[in-house]
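**Student:** CSV, N, CA and C atoms, file upload.csv:
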chain,number,residue,atom,x,y,z
A,1412,MET,N,0.8,-1.2,0.0
A,1412,MET,CA,0.0,0.0,0.0
A,1412,MET,C,0.9,1.2,0.0
A,1413,LYS,N,0.5,2.3,-0.7
A,1413,LYS,CA,1.2,3.5,-0.8
A,1413,LYS,C,0.5,4.6,0.0
A,1414,PHE,N,1.3,5.3,0.8
A,1414,PHE,CA,0.7,6.4,1.6
A,1414,PHE,C,1.5,7.7,1.2
A,1415,VAL,N,0.8,8.8,0.8
A,1415,VAL,CA,1.4,10.0,0.4
A,1415,VAL,C,1.2,11.0,1.6
A,1416,LEU,N,2.3,11.4,2.2
A,1416,LEU,CA,2.3,12.4,3.3
A,1416,LEU,C,2.5,13.8,2.7
A,1417,ASN,N,1.5,14.6,2.9
A,1417,ASN,CA,1.5,16.0,2.4
A,1417,ASN,C,2.2,16.9,3.5
A,1418,LYS,N,3.4,17.4,3.2
A,1418,LYS,CA,4.1,18.2,4.2
A,1418,LYS,C,3.3,19.5,4.5
A,1419,ALA,N,2.7,20.0,3.5
A,1419,ALA,CA,1.9,21.3,3.7
A,1419,ALA,C,0.8,21.2,4.7
A,1420,LYS,N,0.2,20.0,4.8
A,1420,LYS,CA,-0.9,19.7,5.8
A,1420,LYS,C,-0.4,19.0,7.0
A,1421,TRP,N,0.8,18.7,7.1
A,1421,TRP,CA,1.3,17.8,8.2
A,1421,TRP,C,1.5,18.5,9.5
A,1422,LEU,N,0.8,18.1,10.5
A,1422,LEU,CA,0.8,18.6,11.9
A,1422,LEU,C,1.9,17.7,12.6
A,1423,ARG,N,3.0,18.4,13.1
A,1423,ARG,CA,4.1,17.6,13.7
A,1423,ARG,C,4.8,18.5,14.6
A,1424,GLY,N,5.6,17.8,15.5
A,1424,GLY,CA,6.5,18.5,16.4
A,1424,GLY,C,6.0,19.1,17.6
A,1425,ASP,N,4.7,18.8,18.0
A,1425,ASP,CA,4.2,19.4,19.2
A,1425,ASP,C,3.1,18.4,19.7
A,1426,ALA,N,3.4,17.6,20.7
A,1426,ALA,CA,2.5,16.7,21.3
A,1426,ALA,C,1.3,17.3,22.0
A,1427,SER,N,1.5,18.5,22.4
A,1427,SER,CA,0.4,19.2,23.2
A,1427,SER,C,-0.8,19.6,22.3
A,1428,ILE,N,-0.6,19.7,21.0
A,1428,ILE,CA,-1.7,20.1,20.1
A,1428,ILE,C,-1.9,19.0,19.0
A,1429,SER,N,-1.3,17.9,19.1
A,1429,SER,CA,-1.5,16.9,18.0
A,1429,SER,C,-2.9,16.3,17.9
A,1430,GLN,N,-3.4,16.2,16.7
A,1430,GLN,CA,-4.7,15.7,16.5
A,1430,GLN,C,-4.6,15.0,15.1
A,1431,LEU,N,-5.5,14.0,14.9
A,1431,LEU,CA,-5.6,13.4,13.6
A,1431,LEU,C,-5.9,14.5,12.6
A,1432,HIS,N,-6.9,15.3,12.9
A,1432,HIS,CA,-7.2,16.5,12.0
A,1432,HIS,C,-7.6,17.7,13.0
A,1433,ARG,N,-6.8,18.8,12.8
A,1433,ARG,CA,-7.1,20.0,13.6
A,1433,ARG,C,-8.0,20.9,12.8
A,1434,HIS,N,-9.2,21.1,13.2
A,1434,HIS,CA,-10.2,21.9,12.5
A,1434,HIS,C,-9.7,23.3,12.2
A,1435,SER,N,-9.0,23.9,13.2
A,1435,SER,CA,-8.7,25.4,13.1
A,1435,SER,C,-7.9,25.7,11.9
A,1436,ASP,N,-7.0,24.8,11.5
A,1436,ASP,CA,-6.1,25.1,10.3
A,1436,ASP,C,-6.1,24.0,9.3
A,1437,GLY,N,-6.8,22.9,9.5
A,1437,GLY,CA,-6.8,21.8,8.6
A,1437,GLY,C,-5.6,20.9,8.6
A,1438,LYS,N,-4.7,21.1,9.5
A,1438,LYS,CA,-3.5,20.3,9.6
A,1438,LYS,C,-3.9,18.9,10.1
A,1439,MET,N,-3.1,17.9,9.7
A,1439,MET,CA,-3.3,16.5,10.1
A,1439,MET,C,-2.0,15.9,10.5
A,1440,CYS,N,-1.9,15.1,11.5
A,1440,CYS,CA,-0.7,14.3,11.8
A,1440,CYS,C,-0.6,13.2,10.8
A,1441,CYS,N,0.5,12.5,10.8
A,1441,CYS,CA,0.7,11.5,9.7
A,1441,CYS,C,-0.3,10.4,9.8
A,1442,VAL,N,-0.8,10.0,11.0
A,1442,VAL,CA,-1.8,9.0,11.2
A,1442,VAL,C,-3.1,9.5,10.6
A,1443,GLY,N,-3.4,10.7,10.8
A,1443,GLY,CA,-4.7,11.3,10.3
A,1443,GLY,C,-4.7,11.3,8.8
A,1444,GLN,N,-3.6,11.7,8.2
A,1444,GLN,CA,-3.5,11.6,6.7
A,1444,GLN,C,-3.6,10.2,6.2
A,1445,LEU,N,-2.9,9.3,6.9
A,1445,LEU,CA,-3.0,7.9,6.5
A,1445,LEU,C,-4.4,7.3,6.6
A,1446,ALA,N,-5.0,7.6,7.7
A,1446,ALA,CA,-6.4,7.1,7.9
A,1446,ALA,C,-7.3,7.6,6.9
A,1447,GLN,N,-7.2,8.9,6.5
A,1447,GLN,CA,-8.1,9.5,5.5
A,1447,GLN,C,-7.8,8.8,4.2
A,1448,GLN,N,-6.6,8.5,3.8
A,1448,GLN,CA,-6.3,7.8,2.6
A,1448,GLN,C,-6.8,6.4,2.6
A,1449,CYS,N,-7.0,5.8,3.8
A,1449,CYS,CA,-7.5,4.5,3.9
A,1449,CYS,C,-9.0,4.5,4.0
A,1450,GLY,N,-9.7,5.6,3.9
A,1450,GLY,CA,-11.1,5.7,3.8
A,1450,GLY,C,-11.8,6.3,5.0
A,1451,ALA,N,-11.1,6.7,6.0
A,1451,ALA,CA,-11.8,7.4,7.2
A,1451,ALA,C,-12.3,8.7,6.7
A,1452,GLN,N,-13.4,9.1,7.2
A,1452,GLN,CA,-14.0,10.4,6.9
A,1452,GLN,C,-13.4,11.5,7.7
A,1453,LEU,N,-13.2,12.7,7.1
A,1453,LEU,CA,-12.6,13.8,7.7
A,1453,LEU,C,-13.3,14.1,9.0
A,1454,GLU,N,-14.6,14.1,9.0
A,1454,GLU,CA,-15.4,14.4,10.2
A,1454,GLU,C,-15.0,13.4,11.4
A,1455,SER,N,-14.7,12.2,11.1
A,1455,SER,CA,-14.3,11.2,12.1
A,1455,SER,C,-13.0,11.5,12.7
A,1456,LEU,N,-12.1,12.2,11.9
A,1456,LEU,CA,-10.8,12.5,12.4
A,1456,LEU,C,-10.7,13.8,13.2
A,1457,THR,N,-11.6,14.7,12.9
A,1457,THR,CA,-11.5,16.0,13.5
A,1457,THR,C,-11.6,16.0,15.0
A,1458,GLY,N,-10.5,16.6,15.6
A,1458,GLY,CA,-10.5,16.7,17.1
A,1458,GLY,C,-10.0,15.4,17.8
A,1459,ARG,N,-9.9,14.4,17.1
A,1459,ARG,CA,-9.4,13.1,17.8
A,1459,ARG,C,-7.9,13.1,17.8
A,1460,GLN,N,-7.4,12.5,18.8
A,1460,GLN,CA,-5.9,12.5,18.9
A,1460,GLN,C,-5.2,11.2,18.5
A,1461,THR,N,-5.9,10.1,18.5
A,1461,THR,CA,-5.3,8.8,18.1
A,1461,THR,C,-6.2,7.9,17.3
A,1462,ALA,N,-5.6,6.9,16.7
A,1462,ALA,CA,-6.3,5.9,16.0
A,1462,ALA,C,-7.2,5.1,16.9
A,1463,LEU,N,-6.8,5.0,18.2
A,1463,LEU,CA,-7.6,4.3,19.2
A,1463,LEU,C,-9.0,4.9,19.3
A,1464,ALA,N,-9.1,6.2,19.2
A,1464,ALA,CA,-10.3,6.9,19.3
A,1464,ALA,C,-11.2,6.5,18.1
A,1465,LEU,N,-10.6,6.4,16.9
A,1465,LEU,CA,-11.4,5.9,15.8
A,1465,LEU,C,-11.9,4.5,16.0
A,1466,HIS,N,-11.0,3.6,16.5
A,1466,HIS,CA,-11.3,2.2,16.7
A,1466,HIS,C,-12.5,2.1,17.7
A,1467,ASN,N,-12.4,2.9,18.8
A,1467,ASN,CA,-13.5,2.8,19.8
A,1467,ASN,C,-14.8,3.3,19.3
A,1468,GLN,N,-14.8,4.0,18.2
A,1468,GLN,CA,-16.1,4.5,17.5
A,1468,GLN,C,-16.4,3.6,16.3
A,1469,GLY,N,-15.6,2.6,16.1
A,1469,GLY,CA,-15.9,1.7,15.0
A,1469,GLY,C,-15.6,2.3,13.6
A,1470,GLU,N,-14.7,3.3,13.6
A,1470,GLU,CA,-14.4,4.0,12.4
A,1470,GLU,C,-12.9,3.9,11.9
A,1471,LEU,N,-12.1,3.0,12.5
A,1471,LEU,CA,-10.8,2.8,12.1
A,1471,LEU,C,-10.7,1.8,10.9
A,1472,PRO,N,-10.2,2.3,9.7
A,1472,PRO,CA,-10.1,1.4,8.6
A,1472,PRO,C,-9.3,0.1,8.9
A,1473,GLU,N,-9.8,-1.0,8.4
A,1473,GLU,CA,-9.2,-2.3,8.7
A,1473,GLU,C,-7.7,-2.3,8.4
A,1474,ALA,N,-7.3,-1.6,7.3
A,1474,ALA,CA,-5.9,-1.6,7.0
A,1474,ALA,C,-5.0,-1.1,8.0
A,1475,LEU,N,-5.6,-0.3,9.0
A,1475,LEU,CA,-4.8,0.3,10.1
A,1475,LEU,C,-5.0,-0.4,11.4
A,1476,SER,N,-5.5,-1.6,11.4
A,1476,SER,CA,-5.7,-2.3,12.7
A,1476,SER,C,-4.5,-2.5,13.5
A,1477,TRP,N,-3.3,-2.4,12.8
A,1477,TRP,CA,-2.0,-2.6,13.5
A,1477,TRP,C,-1.8,-1.4,14.5
A,1478,LEU,N,-2.5,-0.3,14.3
A,1478,LEU,CA,-2.3,0.8,15.2
A,1478,LEU,C,-3.0,0.6,16.6
A,1479,VAL,N,-3.8,-0.4,16.7
A,1479,VAL,CA,-4.4,-0.7,18.0
A,1479,VAL,C,-4.1,-2.2,18.4
A,1480,ASP,N,-4.1,-2.4,19.7
A,1480,ASP,CA,-3.8,-3.7,20.2
A,1480,ASP,C,-5.1,-4.1,21.0
A,1481,ASP,N,-5.9,-5.0,20.4
A,1481,ASP,CA,-7.1,-5.4,21.1
A,1481,ASP,C,-7.1,-6.9,21.3
A,1482,ALA,N,-6.0,-7.4,21.8
A,1482,ALA,CA,-5.8,-8.8,22.0
A,1482,ALA,C,-6.8,-9.4,23.0
A,1483,GLU,N,-7.2,-8.6,24.0
A,1483,GLU,CA,-8.2,-9.1,25.0
A,1483,GLU,C,-9.6,-8.6,24.6
A,1484,PRO,N,-10.6,-9.5,24.8
A,1484,PRO,CA,-11.9,-9.2,24.4
A,1484,PRO,C,-12.4,-7.9,25.1
A,1485,ASP,N,-13.1,-7.0,24.4
A,1485,ASP,CA,-13.6,-5.8,24.9
A,1485,ASP,C,-12.6,-4.8,25.5
A,1486,PHE,N,-11.4,-5.0,25.1
A,1486,PHE,CA,-10.3,-4.0,25.5
A,1486,PHE,C,-9.4,-3.7,24.3
A,1487,ALA,N,-9.1,-2.5,24.2
A,1487,ALA,CA,-8.2,-2.0,23.2
A,1487,ALA,C,-7.3,-1.0,23.7
A,1488,ASP,N,-6.1,-0.9,23.2
A,1488,ASP,CA,-5.1,0.1,23.6
A,1488,ASP,C,-4.3,0.5,22.4
A,1489,ASP,N,-3.5,1.6,22.5
A,1489,ASP,CA,-2.6,1.9,21.4
A,1489,ASP,C,-1.6,0.8,21.3
A,1490,SER,N,-1.2,0.4,20.1
A,1490,SER,CA,-0.2,-0.6,19.9
A,1490,SER,C,1.2,0.0,20.1
A,1491,ARG,N,2.2,-0.8,20.3
A,1491,ARG,CA,3.5,-0.3,20.4
A,1491,ARG,C,3.9,0.5,19.2
A,1492,ALA,N,3.5,0.0,18.0
A,1492,ALA,CA,3.8,0.7,16.8
A,1492,ALA,C,3.2,2.1,16.7
A,1493,SER,N,1.9,2.2,17.2
A,1493,SER,CA,1.3,3.5,17.1
A,1493,SER,C,1.9,4.5,18.1
A,1494,ILE,N,2.3,4.0,19.3
A,1494,ILE,CA,3.0,4.8,20.2
A,1494,ILE,C,4.3,5.3,19.7
A,1495,GLU,N,5.0,4.5,19.0
A,1495,GLU,CA,6.3,4.9,18.3
A,1495,GLU,C,6.0,5.9,17.2
A,1496,VAL,N,5.0,5.7,16.4
A,1496,VAL,CA,4.6,6.7,15.4
A,1496,VAL,C,4.3,8.0,16.0
A,1497,TYR,N,3.4,8.0,17.0
A,1497,TYR,CA,3.0,9.3,17.6
A,1497,TYR,C,4.2,10.0,18.2
A,1498,GLY,N,5.1,9.2,18.9
A,1498,GLY,CA,6.3,9.8,19.5
A,1498,GLY,C,7.2,10.5,18.5
A,1499,ILE,N,7.4,9.9,17.3
A,1499,ILE,CA,8.2,10.5,16.3
A,1499,ILE,C,7.5,11.7,15.7
A,1500,ASN,N,6.2,11.5,15.4
A,1500,ASN,CA,5.5,12.6,14.7
A,1500,ASN,C,5.5,13.9,15.6
A,1501,ASP,N,5.3,13.7,16.9
A,1501,ASP,CA,5.1,14.8,17.8
A,1501,ASP,C,6.3,15.3,18.5
A,1502,LEU,N,7.5,14.7,18.4
A,1502,LEU,CA,8.7,15.1,19.0
A,1502,LEU,C,9.1,16.5,18.5
A,1503,SER,N,9.3,17.4,19.5
A,1503,SER,CA,9.7,18.7,19.1
A,1503,SER,C,11.2,18.8,18.8
A,1504,GLY,N,11.6,19.5,17.8
A,1504,GLY,CA,13.0,19.7,17.5
A,1504,GLY,C,13.6,18.7,16.6
A,1505,LEU,N,12.9,17.7,16.3
A,1505,LEU,CA,13.4,16.6,15.4
A,1505,LEU,C,13.4,17.1,13.9
A,1506,PRO,N,14.5,17.1,13.2
A,1506,PRO,CA,14.5,17.6,11.8
A,1506,PRO,C,13.5,16.7,11.0
A,1507,ASP,N,12.9,17.3,10.0
A,1507,ASP,CA,11.9,16.6,9.2
A,1507,ASP,C,12.6,15.4,8.5
A,1508,LYS,N,13.8,15.6,8.0
A,1508,LYS,CA,14.5,14.5,7.3
A,1508,LYS,C,14.6,13.3,8.2
A,1509,THR,N,14.9,13.5,9.5
A,1509,THR,CA,15.1,12.4,10.4
A,1509,THR,C,13.7,11.8,10.7
A,1510,ARG,N,12.7,12.7,11.0
A,1510,ARG,CA,11.3,12.3,11.3
A,1510,ARG,C,10.8,11.4,10.2
A,1511,ILE,N,11.0,11.8,8.9
A,1511,ILE,CA,10.5,11.1,7.8
A,1511,ILE,C,11.1,9.7,7.6
A,1512,ALA,N,12.4,9.7,7.8
A,1512,ALA,CA,13.2,8.4,7.7
A,1512,ALA,C,12.7,7.4,8.7
A,1513,GLN,N,12.5,7.9,10.0
A,1513,GLN,CA,12.0,7.0,11.0
A,1513,GLN,C,10.6,6.5,10.8
A,1514,LEU,N,9.7,7.4,10.3
A,1514,LEU,CA,8.4,7.0,10.0
A,1514,LEU,C,8.3,6.0,8.9
A,1515,ARG,N,9.1,6.3,7.9
A,1515,ARG,CA,9.1,5.3,6.7
A,1515,ARG,C,9.5,3.9,7.2
A,1516,GLN,N,10.4,3.8,8.1
A,1516,GLN,CA,10.8,2.5,8.6
A,1516,GLN,C,9.6,1.8,9.3
A,1517,ILE,N,8.9,2.5,10.1
A,1517,ILE,CA,7.8,1.9,10.9
A,1517,ILE,C,6.7,1.5,9.9
A,1518,PHE,N,6.3,2.4,9.0
A,1518,PHE,CA,5.3,2.1,8.0
A,1518,PHE,C,5.7,0.9,7.2
A,1519,ALA,N,6.9,0.9,6.8
A,1519,ALA,CA,7.4,-0.2,5.9
A,1519,ALA,C,7.2,-1.6,6.6
A,1520,ARG,N,7.4,-1.6,7.9
A,1520,ARG,CA,7.2,-2.9,8.7
A,1520,ARG,C,5.7,-3.4,8.6
A,1521,HIS,N,4.8,-2.5,8.2
A,1521,HIS,CA,3.4,-2.8,8.1
A,1521,HIS,C,2.9,-2.8,6.6
A,1522,GLY,N,3.9,-2.9,5.7
A,1522,GLY,CA,3.5,-3.0,4.3
A,1522,GLY,C,3.1,-1.6,3.7
A,1523,ILE,N,3.5,-0.5,4.3
A,1523,ILE,CA,3.1,0.8,3.8
A,1523,ILE,C,4.4,1.5,3.2
A,1524,GLU,N,4.3,1.9,2.0
A,1524,GLU,CA,5.4,2.7,1.4
A,1524,GLU,C,5.0,4.2,1.5
A,1525,MET,N,5.8,5.0,2.2
A,1525,MET,CA,5.5,6.4,2.4
A,1525,MET,C,6.2,7.2,1.4
A,1526,GLU,N,5.4,8.0,0.7
A,1526,GLU,CA,6.0,9.1,-0.2
A,1526,GLU,C,5.6,10.4,0.4
A,1527,VAL,N,6.5,11.4,0.2
A,1527,VAL,CA,6.4,12.7,0.8
A,1527,VAL,C,6.3,13.7,-0.3
A,1528,VAL,N,5.2,14.5,-0.3
A,1528,VAL,CA,5.1,15.6,-1.2
A,1528,VAL,C,5.0,16.9,-0.5
A,1529,GLU,N,5.4,18.0,-1.2
A,1529,GLU,CA,5.5,19.3,-0.5
A,1529,GLU,C,4.1,20.1,-0.5
A,1530,SER,N,3.2,19.7,-1.3
A,1530,SER,CA,1.9,20.4,-1.3
A,1530,SER,C,0.7,19.4,-1.5
Here is a file; write its structure as structure tokens.
**Tutor:**
Amino acid sequence: MKFVLNKAKWLRGDASISQLHRHSDGKMCCVGQLAQQCGAQLESLTGRQTALALHNQGELPEALSWLVDDAEPDFADDSRASIEVYGINDLSGLPDKTRIAQLRQIFARHGIEMEVVES
């Protein structure tokens, strides 16, 4: 699967304001952009902080099930992979080149090829 990360829309580098989709300026974290490309509706992403929130509402695309760990019945949590993705996406001061390289590695482990575009 191919994922196109749009740098112009990418919300990154600040965990205190990270959201899948921030309504005020239309920015989206990498997971929000990925979820939308996998079929999640923008309204479902707006104001939510994690894929787990989508999962709990029954709105997480099946292709992204690796972002949640629901090994126990009636219980779900962020997966190790999603925690790693959020940590890299939200880390302040990390150069984009490093952030992108690290995210590419994680996504590749889940069969996702990440392309980056400027607009």
**Student:** Which residue gives the smallest distance to Leu1456 of chain A among A:Arg1515, A:Arg1491, A:His1521, A:His1432, with only C-alpha atoms counted?
**Tutor:** A:His1432
**Student:** Would you please work out which residue, of A:Ile1494, A:Gln1430, A:Lys1418, A:Leu1463, is nearest to Val1479 of chain A when using only C-alpha atoms?
**Tutor:**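 Nearest candidate to Val1479 of chain A out of A:Ile1494, A:Gln1430, A:Lys1418, A:Leu1463: A:Leu1463.
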**Student:** For a test of reading the model, state the distance in Å between atom N of Asp1480 of chain A and atom N of Ala1451 of chain A, rounded to one decimal.
**Tutor:** 17.9 Å
**Student:** Can you pull out every residue from segment 1414-1491 of chain A that DSSP, working from the backbone, puts in strand (DSSP E), and format the result as a list in words?
**Tutor:**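 Reading the DSSP output for segment 1414-1491 of chain A, strand (DSSP E) covers Phe1414, Val1415, Leu1416, Asn1417, Val1479, Asp1480, Asp1488 and Asp1489 of chain A.
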**Student:** Find the residues around Glu1524 of chain A up to 6.5 Å (all atoms listed in the file counted), leave out those fewer than 6 positions away in its own chain, and share them as a PyMOL selection string.
**Tutor:** chain A and resi 1412-1415+1518
**Student:** With only C-alpha atoms as the atoms that count, which of A:Asp1436, A:Asn1467, A:Ala1462, A:Pro1472 lies nearest to Gly1450 of chain A?
**Tutor:** A:Pro1472
**Student:** When you count only N, CA and C atoms, which of these residues is closest to Ala1492 of chain A: A:Leu1505, A:Leu1478, A:Met1525, A:Leu1422?
**Tutor:**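 Among the listed residues, the smallest separation from Ala1492 of chain A belongs to A:Leu1478.
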**Student:** Enter the distance from atom CA of Gln1460 of chain A to atom C of Ser1429 of chain A, in Å, rounded to one decimal.
**Tutor:**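 Distance between the two atoms: 4.9 Å.
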**Student:** Enter the distance from atom C of His1466 of chain A to atom CA of Arg1433 of chain A, in Å, rounded to one decimal.
**Tutor:**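 Interatomic distance here is 19.1 Å.
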